[in-house]
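*Asks:* So that you have it, the file is input_7.tsv, and it contains TSV, C-alpha atoms:
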chain	number	residue	atom	x	y	z
A	18	ILE	CA	-6.08	-19.91	1.15
A	19	LYS	CA	-8.27	-21.42	3.87
A	20	ARG	CA	-8.32	-18.06	5.69
A	21	CYS	CA	-9.21	-16.35	2.40
A	22	GLU	CA	-12.05	-18.82	1.95
A	23	ASP	CA	-13.32	-18.08	5.47
A	24	TRP	CA	-13.11	-14.28	5.05
A	25	THR	CA	-14.85	-14.43	1.68
A	26	ARG	CA	-17.72	-16.30	3.33
A	27	PHE	CA	-17.77	-14.11	6.50
A	28	SER	CA	-17.80	-10.89	4.44
A	29	GLY	CA	-20.54	-11.96	2.04
A	30	GLY	CA	-18.07	-11.64	-0.85
A	31	ALA	CA	-16.71	-8.19	0.06
A	32	PHE	CA	-13.33	-9.91	0.53
A	33	ASN	CA	-12.14	-12.00	-2.39
A	34	PRO	CA	-8.52	-12.78	-3.38
A	35	ALA	CA	-9.60	-12.93	-7.03
A	36	VAL	CA	-9.96	-9.12	-6.91
A	37	GLU	CA	-6.51	-8.93	-8.53
A	38	VAL	CA	-8.06	-8.95	-12.02
A	39	ILE	CA	-10.17	-5.92	-11.01
A	40	SER	CA	-7.12	-4.15	-9.59
A	41	ARG	CA	-5.19	-4.72	-12.81
A	42	ARG	CA	-8.03	-3.32	-14.92
A	43	TRP	CA	-8.30	-0.15	-12.79
A	44	ARG	CA	-4.52	0.26	-12.84
A	45	GLN	CA	-4.76	0.20	-16.65
A	46	ALA	CA	-7.65	2.69	-16.46
A	47	ALA	CA	-5.42	5.04	-14.47
A	48	ALA	CA	-2.70	4.75	-17.12
A	49	ASP	CA	-5.20	5.35	-19.94
A	50	GLY	CA	-7.23	8.00	-18.08
A	51	ILE	CA	-10.49	6.23	-18.97
A	52	GLU	CA	-12.76	4.37	-16.53
A	53	PRO	CA	-13.90	0.83	-17.37
A	54	THR	CA	-17.35	0.59	-18.95
A	55	ALA	CA	-20.36	-0.88	-17.12
A	56	ALA	CA	-20.10	-3.95	-19.36
A	57	GLU	CA	-16.42	-4.39	-18.45
A	58	LEU	CA	-17.20	-4.07	-14.75
A	59	GLN	CA	-19.95	-6.69	-15.03
A	60	GLN	CA	-17.57	-9.04	-16.83
A	61	LEU	CA	-14.99	-8.53	-14.06
A	62	VAL	CA	-17.60	-9.30	-11.38
A	63	SER	CA	-18.46	-12.49	-13.24
A	64	MET	CA	-14.80	-13.49	-13.45
A	65	VAL	CA	-14.18	-12.80	-9.77
A	66	SER	CA	-17.31	-14.56	-8.52
A	67	GLN	CA	-16.33	-17.93	-10.00
A	68	ARG	CA	-15.03	-20.70	-7.77
A	69	HIS	CA	-11.26	-20.42	-8.12
A	70	TRP	CA	-10.05	-23.13	-5.78
A	71	GLN	CA	-11.08	-25.96	-3.52
A	72	CYS	CA	-9.28	-26.67	-0.26
A	73	GLN	CA	-8.88	-30.35	0.44
A	74	ALA	CA	-7.37	-30.01	3.90
A	75	GLU	CA	-7.52	-33.73	4.71
A	76	GLN	CA	-5.33	-34.51	1.70
A	77	GLY	CA	-3.21	-31.37	2.13
A	78	ARG	CA	-4.22	-30.26	-1.36
A	79	LEU	CA	-5.46	-27.16	-3.06
A	80	VAL	CA	-7.21	-27.63	-6.40
A	81	ARG	CA	-7.33	-24.63	-8.79
A	82	HIS	CA	-10.56	-24.27	-10.79
A	83	SER	CA	-9.62	-21.15	-12.79
A	84	GLU	CA	-6.68	-19.30	-14.24
A	85	GLN	CA	-7.64	-16.00	-12.55
A	86	PRO	CA	-4.77	-14.36	-10.67
A	87	LEU	CA	-5.20	-14.37	-6.90
A	88	THR	CA	-3.75	-11.91	-4.42
A	89	LEU	CA	-3.12	-12.88	-0.84
A	90	ASN	CA	-1.90	-9.40	0.16
A	91	ALA	CA	-4.79	-8.69	2.51
A	92	ILE	CA	-4.03	-11.77	4.60
A	93	ALA	CA	-0.39	-12.55	3.86
A	94	LYS	CA	1.26	-9.71	5.80
A	95	GLY	CA	-0.67	-10.54	8.97
A	96	SER	CA	0.22	-14.22	8.66
A	97	ILE	CA	3.87	-13.37	8.03
A	98	ILE	CA	3.95	-11.08	11.07
A	99	ASP	CA	2.36	-13.80	13.22
A	100	SER	CA	5.03	-16.25	12.03
A	101	VAL	CA	7.84	-13.77	12.77
A	102	VAL	CA	6.51	-13.17	16.28
A	103	LEU	CA	6.22	-16.91	17.00
A	104	ALA	CA	9.71	-17.57	15.61
A	105	LEU	CA	11.28	-14.76	17.67
A	106	GLN	CA	9.49	-15.84	20.84
A	107	SER	CA	10.59	-19.44	20.27
A	108	GLU	CA	14.20	-18.59	19.37
A	109	PHE	CA	14.65	-15.90	22.03
A	110	PRO	CA	12.48	-16.80	25.04
A	111	GLN	CA	14.28	-14.13	27.10
A	112	ILE	CA	12.54	-11.40	25.05
A	113	GLU	CA	9.60	-10.25	27.15
A	114	GLY	CA	7.89	-8.06	24.57
A	115	LEU	CA	8.28	-7.01	20.98
A	116	VAL	CA	6.77	-4.87	18.25
A	117	VAL	CA	6.84	-5.99	14.61
A	118	ASN	CA	5.86	-3.43	11.96
A	119	VAL	CA	5.74	-4.42	8.30
A	120	GLY	CA	4.63	-1.48	6.21
A	121	GLY	CA	1.69	-0.41	8.34
A	122	ASP	CA	0.68	-3.84	9.60
A	123	LEU	CA	1.76	-3.89	13.23
A	124	ARG	CA	1.75	-6.51	15.98
A	125	VAL	CA	2.62	-6.01	19.63
A	126	ALA	CA	3.37	-9.25	21.50
A	127	GLY	CA	4.19	-10.30	25.02
A	128	ALA	CA	4.90	-7.49	27.49
A	129	GLY	CA	5.48	-5.00	24.68
A	130	HIS	CA	3.35	-1.94	24.17
A	131	CYS	CA	3.09	0.68	21.49
A	132	THR	CA	1.26	3.94	20.84
A	133	VAL	CA	-0.31	3.93	17.38
A	134	THR	CA	-1.85	6.94	15.67
A	135	ILE	CA	-4.52	6.35	13.04
A	136	PRO	CA	-4.47	9.07	10.38
A	137	ALA	CA	-7.74	10.77	9.53
A	138	PRO	CA	-8.56	9.83	5.92
A	139	ALA	CA	-9.71	13.32	4.92
A	140	ARG	CA	-6.79	15.06	6.63
A	141	ASP	CA	-3.72	13.24	5.38
A	142	ALA	CA	-1.14	16.00	5.90
A	143	LEU	CA	1.84	14.95	7.99
A	144	ASN	CA	0.99	17.43	10.75
A	145	ALA	CA	-2.79	16.73	10.77
A	146	ALA	CA	-4.46	15.59	13.97
A	147	PRO	CA	-5.00	11.82	13.96
A	148	LEU	CA	-8.41	10.19	13.86
A	149	ALA	CA	-7.48	8.10	16.90
A	150	VAL	CA	-4.58	7.25	19.17
A	151	LEU	CA	-4.42	3.66	20.35
A	152	GLN	CA	-2.37	2.01	23.05
A	153	LEU	CA	-1.66	-1.52	21.87
A	154	SER	CA	-0.58	-4.35	24.10
A	155	ASP	CA	-0.65	-7.97	22.89
A	156	ARG	CA	-2.71	-6.90	19.84
A	157	ALA	CA	-2.34	-6.25	16.12
A	158	ILE	CA	-3.63	-3.60	13.72
A	159	ALA	CA	-3.51	-2.87	10.01
A	160	THR	CA	-4.95	0.04	8.08
A	161	SER	CA	-5.31	0.89	4.44
A	162	GLY	CA	-6.94	3.74	2.60
A	163	MET	CA	-7.01	6.38	-0.09
A	164	SER	CA	-4.75	8.81	1.75
A	165	GLU	CA	-1.80	6.49	1.26
A	166	ARG	CA	-2.68	4.77	-2.01
A	167	SER	CA	-5.05	5.98	-4.70
A	168	TRP	CA	-5.11	6.37	-8.46
A	169	ASN	CA	-6.27	9.17	-10.70
A	170	VAL	CA	-8.61	7.91	-13.41
A	171	GLY	CA	-9.86	10.56	-15.78
A	172	GLY	CA	-9.56	13.32	-13.18
A	173	ARG	CA	-11.21	11.29	-10.39
A	174	SER	CA	-9.28	9.94	-7.42
A	175	VAL	CA	-10.11	6.27	-6.78
A	176	SER	CA	-9.12	3.89	-4.04
A	177	HIS	CA	-6.82	0.91	-4.52
A	178	ILE	CA	-9.36	-1.10	-2.51
A	179	PHE	CA	-12.13	-2.66	-4.63
A	180	ASP	CA	-15.49	-4.22	-3.97
A	181	PRO	CA	-15.36	-7.54	-5.85
A	182	ARG	CA	-19.17	-7.62	-5.92
A	183	THR	CA	-19.28	-4.49	-8.14
A	184	ALA	CA	-15.70	-4.21	-9.51
A	185	ASN	CA	-15.74	-0.56	-8.41
A	186	PRO	CA	-13.30	1.23	-6.11
A	187	CYS	CA	-14.50	1.57	-2.52
A	188	VAL	CA	-14.91	5.33	-2.53
A	189	HIS	CA	-17.51	5.16	0.26
A	190	VAL	CA	-14.87	3.71	2.63
A	191	PRO	CA	-11.94	6.14	2.70
A	192	SER	CA	-9.99	4.03	5.21
A	193	ALA	CA	-10.23	0.55	6.64
How does the structure come out when it is put into structure tokens?

*Replies:*
Amino acid sequence: IKRCEDWTRFSGGAFNPAVEVISRRWRQAAADGIEPTAAELQQLVSMVSQRHWQCQAEQGRLVRHSEQPLTLNAIAKGSIIDSVVLALQSEFPQIEGLVVNVGGDLRVAGAGHCTVTIPAPARDALNAAPLAVLQLSDRAIATSGMSERSWNVGGRSVSHIFDPRTANPCVHVPSA
């Protein structure tokens, strides 16, 4: 939650774990085939922009200020991967390098190395040329975008990534 708090501040609100309520509404819009109204989107922005928690690190407490659902997906997988790497390195010090891949979030640690291809968002066919090829060593990477996950809402393809400041899908960013 502390990392979420930091990223919300660093991003000027573009990152917000309270975006789950927006995601649920757009998922329903995909099922119904009807986009949310401007008034609904404004109400969602208002709901998301509230203060939902307060970290009291000194007391080891987290105080909830709302009933809004929170999603830690954007940070959780990276934290889990970091914990797995540290546990493996601690338990098996003889391992010189390793690669941990959890559904597209990838970390290369120690003497390990890995070639990673980044798919081009507009060319998502399996045999399409990648946007980039990276050589990772002692680094991590995660990507997300419309080519892997999107919804059809009333004949329009929309991203599963939302801007919590507008409650709209991030169509202007096809991949992050």

*Asks:* One decimal, in Å: what's the spacing between CA of Ala48 (chain A) and CA of Gly172 (chain A)?

*Replies:*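 If I compute the distance from CA of Ala48 (chain A) to CA of Gly172 (chain A), I get 11.7 Å.
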
*Asks:* When you count only C-alpha atoms, which of these residues is closest to Ala137 (chain A): A:Ile178, A:Val119, A:Val125, A:Ala193?

*Replies:*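 The shortest atom-to-atom distance to Ala137 (chain A) comes from A:Ala193.
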
*Asks:* Using all atoms listed in the file, which protein or nucleic acid residues come within 12 Å of Arg20 (chain A)? Drop anything in the same chain fewer than 5 positions from it, and give the result as a list in words.

*Replies:*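 Counting only the stated atoms, we get Thr25, Arg26, Phe27, Ser28, Phe32, Asn33, Pro34, Cys72, Leu89, Ala91, Ile92, Ala93, Gly95 and Ser96 of chain A.
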
*Asks:* Compare A:Glu57, A:Asp180, A:Glu108, A:Asp122 by their minimum atom-to-atom distance to Ile135 (chain A), counting only C-alpha atoms, and give me the closest one.

*Replies:*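 Between A:Glu57, A:Asp180, A:Glu108, A:Asp122, the residue approaching Ile135 (chain A) most closely is A:Asp122.
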
*Asks:* For Asp99 (chain A), find every residue with an atom within 12 Å (counting only C-alpha atoms), except residues of its own chain fewer than 6 positions away, and show them as a PDB file with C-alpha atoms, keeping the file's coordinate frame.

*Replies:*
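Output file selection.pdb is given in full below:
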ATOM      1  CA  ILE A  92      -4.030 -11.770   4.600  1.00  0.00           C
ATOM      2  CA  ALA A  93      -0.390 -12.550   3.860  1.00  0.00           C
ATOM      3  CA  LEU A 105      11.280 -14.760  17.670  1.00  0.00           C
ATOM      4  CA  GLN A 106       9.490 -15.840  20.840  1.00  0.00           C
ATOM      5  CA  LEU A 115       8.280  -7.010  20.980  1.00  0.00           C
ATOM      6  CA  VAL A 116       6.770  -4.870  18.250  1.00  0.00           C
ATOM      7  CA  VAL A 117       6.840  -5.990  14.610  1.00  0.00           C
ATOM      8  CA  ASN A 118       5.860  -3.430  11.960  1.00  0.00           C
ATOM      9  CA  VAL A 119       5.740  -4.420   8.300  1.00  0.00           C
ATOM     10  CA  ASP A 122       0.680  -3.840   9.600  1.00  0.00           C
ATOM     11  CA  LEU A 123       1.760  -3.890  13.230  1.00  0.00           C
ATOM     12  CA  ARG A 124       1.750  -6.510  15.980  1.00  0.00           C
ATOM     13  CA  VAL A 125       2.620  -6.010  19.630  1.00  0.00           C
ATOM     14  CA  ALA A 126       3.370  -9.250  21.500  1.00  0.00           C
ATOM     15  CA  ASP A 155      -0.650  -7.970  22.890  1.00  0.00           C
ATOM     16  CA  ARG A 156      -2.710  -6.900  19.840  1.00  0.00           C
ATOM     17  CA  ALA A 157      -2.340  -6.250  16.120  1.00  0.00           C
ATOM     18  CA  ILE A 158      -3.630  -3.600  13.720  1.00  0.00           C
TER      19      ILE A 158
END

*Asks:* Nearest to Val190 (chain A) among A:Val170, A:Val102, A:Val38, A:Met163, with distances taken over only C-alpha atoms: which residue is it?

*Replies:*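 So, comparing all the options, the nearest one is A:Met163.
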
*Asks:* So which residues touch Gly30 (chain A) within 12 Å, counting all atoms listed in the file, skipping near sequence neighbours fewer than 4 positions away, as JSON, numbers by chain?

*Replies:* {"A": [21, 22, 23, 24, 25, 26, 34, 35, 36, 62, 65, 66, 67, 68, 179, 180, 181, 182, 183, 184]}

*Asks:* How far is it from CA of Thr134 (chain A) to CA of Glu165 (chain A), in Å with one decimal?

*Replies:*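 Result for CA of Thr134 (chain A) versus CA of Glu165 (chain A): 14.4 Å, one decimal.
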
*Asks:* Would you kindly identify which residues have an atom no farther than 9 Å from (-6.6, 10.3, -4.8), using all atoms listed in the file and the file's own coordinates, and write them out as a list in words?

*Replies:* Met163, Ser164, Glu165, Arg166, Ser167, Trp168, Asn169, Arg173, Ser174, Val175 and Ser176 of chain A

*Asks:* Regenerate region 118-134 of chain A at the level of N, CA, C and O atoms and dump it as a PDB file, in the coordinates of the input.

*Replies:*
ATOM      1  N   ASN A 118       6.584  -4.314  12.860  1.00  0.00           N
ATOM      2  CA  ASN A 118       5.860  -3.430  11.960  1.00  0.00           C
ATOM      3  C   ASN A 118       6.338  -3.697  10.544  1.00  0.00           C
ATOM      4  O   ASN A 118       7.511  -3.523  10.231  1.00  0.00           O
ATOM      5  N   VAL A 119       5.422  -4.147   9.696  1.00  0.00           N
ATOM      6  CA  VAL A 119       5.740  -4.420   8.300  1.00  0.00           C
ATOM      7  C   VAL A 119       4.836  -3.544   7.437  1.00  0.00           C
ATOM      8  O   VAL A 119       3.695  -3.886   7.150  1.00  0.00           O
ATOM      9  N   GLY A 120       5.343  -2.374   7.112  1.00  0.00           N
ATOM     10  CA  GLY A 120       4.630  -1.480   6.210  1.00  0.00           C
ATOM     11  C   GLY A 120       3.217  -1.131   6.624  1.00  0.00           C
ATOM     12  O   GLY A 120       2.318  -1.163   5.803  1.00  0.00           O
ATOM     13  N   GLY A 121       3.013  -0.815   7.878  1.00  0.00           N
ATOM     14  CA  GLY A 121       1.690  -0.410   8.340  1.00  0.00           C
ATOM     15  C   GLY A 121       0.892  -1.505   9.013  1.00  0.00           C
ATOM     16  O   GLY A 121      -0.100  -1.244   9.664  1.00  0.00           O
ATOM     17  N   ASP A 122       1.289  -2.744   8.852  1.00  0.00           N
ATOM     18  CA  ASP A 122       0.680  -3.840   9.600  1.00  0.00           C
ATOM     19  C   ASP A 122       1.569  -4.045  10.820  1.00  0.00           C
ATOM     20  O   ASP A 122       2.765  -4.291  10.694  1.00  0.00           O
ATOM     21  N   LEU A 123       0.975  -3.936  11.999  1.00  0.00           N
ATOM     22  CA  LEU A 123       1.760  -3.890  13.230  1.00  0.00           C
ATOM     23  C   LEU A 123       1.223  -4.887  14.237  1.00  0.00           C
ATOM     24  O   LEU A 123       0.012  -5.026  14.391  1.00  0.00           O
ATOM     25  N   ARG A 124       2.140  -5.583  14.914  1.00  0.00           N
ATOM     26  CA  ARG A 124       1.750  -6.510  15.980  1.00  0.00           C
ATOM     27  C   ARG A 124       2.610  -6.259  17.199  1.00  0.00           C
ATOM     28  O   ARG A 124       3.827  -6.135  17.097  1.00  0.00           O
ATOM     29  N   VAL A 125       1.957  -6.164  18.348  1.00  0.00           N
ATOM     30  CA  VAL A 125       2.620  -6.010  19.630  1.00  0.00           C
ATOM     31  C   VAL A 125       2.397  -7.318  20.385  1.00  0.00           C
ATOM     32  O   VAL A 125       1.263  -7.780  20.507  1.00  0.00           O
ATOM     33  N   ALA A 126       3.482  -7.935  20.857  1.00  0.00           N
ATOM     34  CA  ALA A 126       3.370  -9.250  21.500  1.00  0.00           C
ATOM     35  C   ALA A 126       4.065  -9.262  22.851  1.00  0.00           C
ATOM     36  O   ALA A 126       4.985  -8.481  23.101  1.00  0.00           O
ATOM     37  N   GLY A 127       3.604 -10.157  23.698  1.00  0.00           N
ATOM     38  CA  GLY A 127       4.190 -10.300  25.020  1.00  0.00           C
ATOM     39  C   GLY A 127       3.960  -9.063  25.863  1.00  0.00           C
ATOM     40  O   GLY A 127       2.891  -8.476  25.847  1.00  0.00           O
ATOM     41  N   ALA A 128       5.006  -8.655  26.593  1.00  0.00           N
ATOM     42  CA  ALA A 128       4.900  -7.490  27.490  1.00  0.00           C
ATOM     43  C   ALA A 128       5.119  -6.172  26.748  1.00  0.00           C
ATOM     44  O   ALA A 128       5.143  -5.123  27.367  1.00  0.00           O
ATOM     45  N   GLY A 129       5.263  -6.226  25.454  1.00  0.00           N
ATOM     46  CA  GLY A 129       5.480  -5.000  24.680  1.00  0.00           C
ATOM     47  C   GLY A 129       4.243  -4.131  24.644  1.00  0.00           C
ATOM     48  O   GLY A 129       3.129  -4.590  24.901  1.00  0.00           O
ATOM     49  N   HIS A 130       4.453  -2.870  24.367  1.00  0.00           N
ATOM     50  CA  HIS A 130       3.350  -1.940  24.170  1.00  0.00           C
ATOM     51  C   HIS A 130       3.780  -0.875  23.171  1.00  0.00           C
ATOM     52  O   HIS A 130       4.963  -0.635  22.979  1.00  0.00           O
ATOM     53  N   CYS A 131       2.788  -0.273  22.546  1.00  0.00           N
ATOM     54  CA  CYS A 131       3.090   0.680  21.490  1.00  0.00           C
ATOM     55  C   CYS A 131       1.933   1.664  21.340  1.00  0.00           C
ATOM     56  O   CYS A 131       0.773   1.274  21.418  1.00  0.00           O
ATOM     57  N   THR A 132       2.266   2.929  21.141  1.00  0.00           N
ATOM     58  CA  THR A 132       1.260   3.940  20.840  1.00  0.00           C
ATOM     59  C   THR A 132       1.154   4.031  19.322  1.00  0.00           C
ATOM     60  O   THR A 132       2.154   4.201  18.627  1.00  0.00           O
ATOM     61  N   VAL A 133      -0.062   3.912  18.819  1.00  0.00           N
ATOM     62  CA  VAL A 133      -0.310   3.930  17.380  1.00  0.00           C
ATOM     63  C   VAL A 133      -1.283   5.062  17.074  1.00  0.00           C
ATOM     64  O   VAL A 133      -2.333   5.160  17.703  1.00  0.00           O
ATOM     65  N   THR A 134      -0.921   5.900  16.113  1.00  0.00           N
ATOM     66  CA  THR A 134      -1.850   6.940  15.670  1.00  0.00           C
ATOM     67  C   THR A 134      -2.473   6.512  14.356  1.00  0.00           C
ATOM     68  O   THR A 134      -1.782   6.010  13.464  1.00  0.00           O
TER      69      THR A 134
END
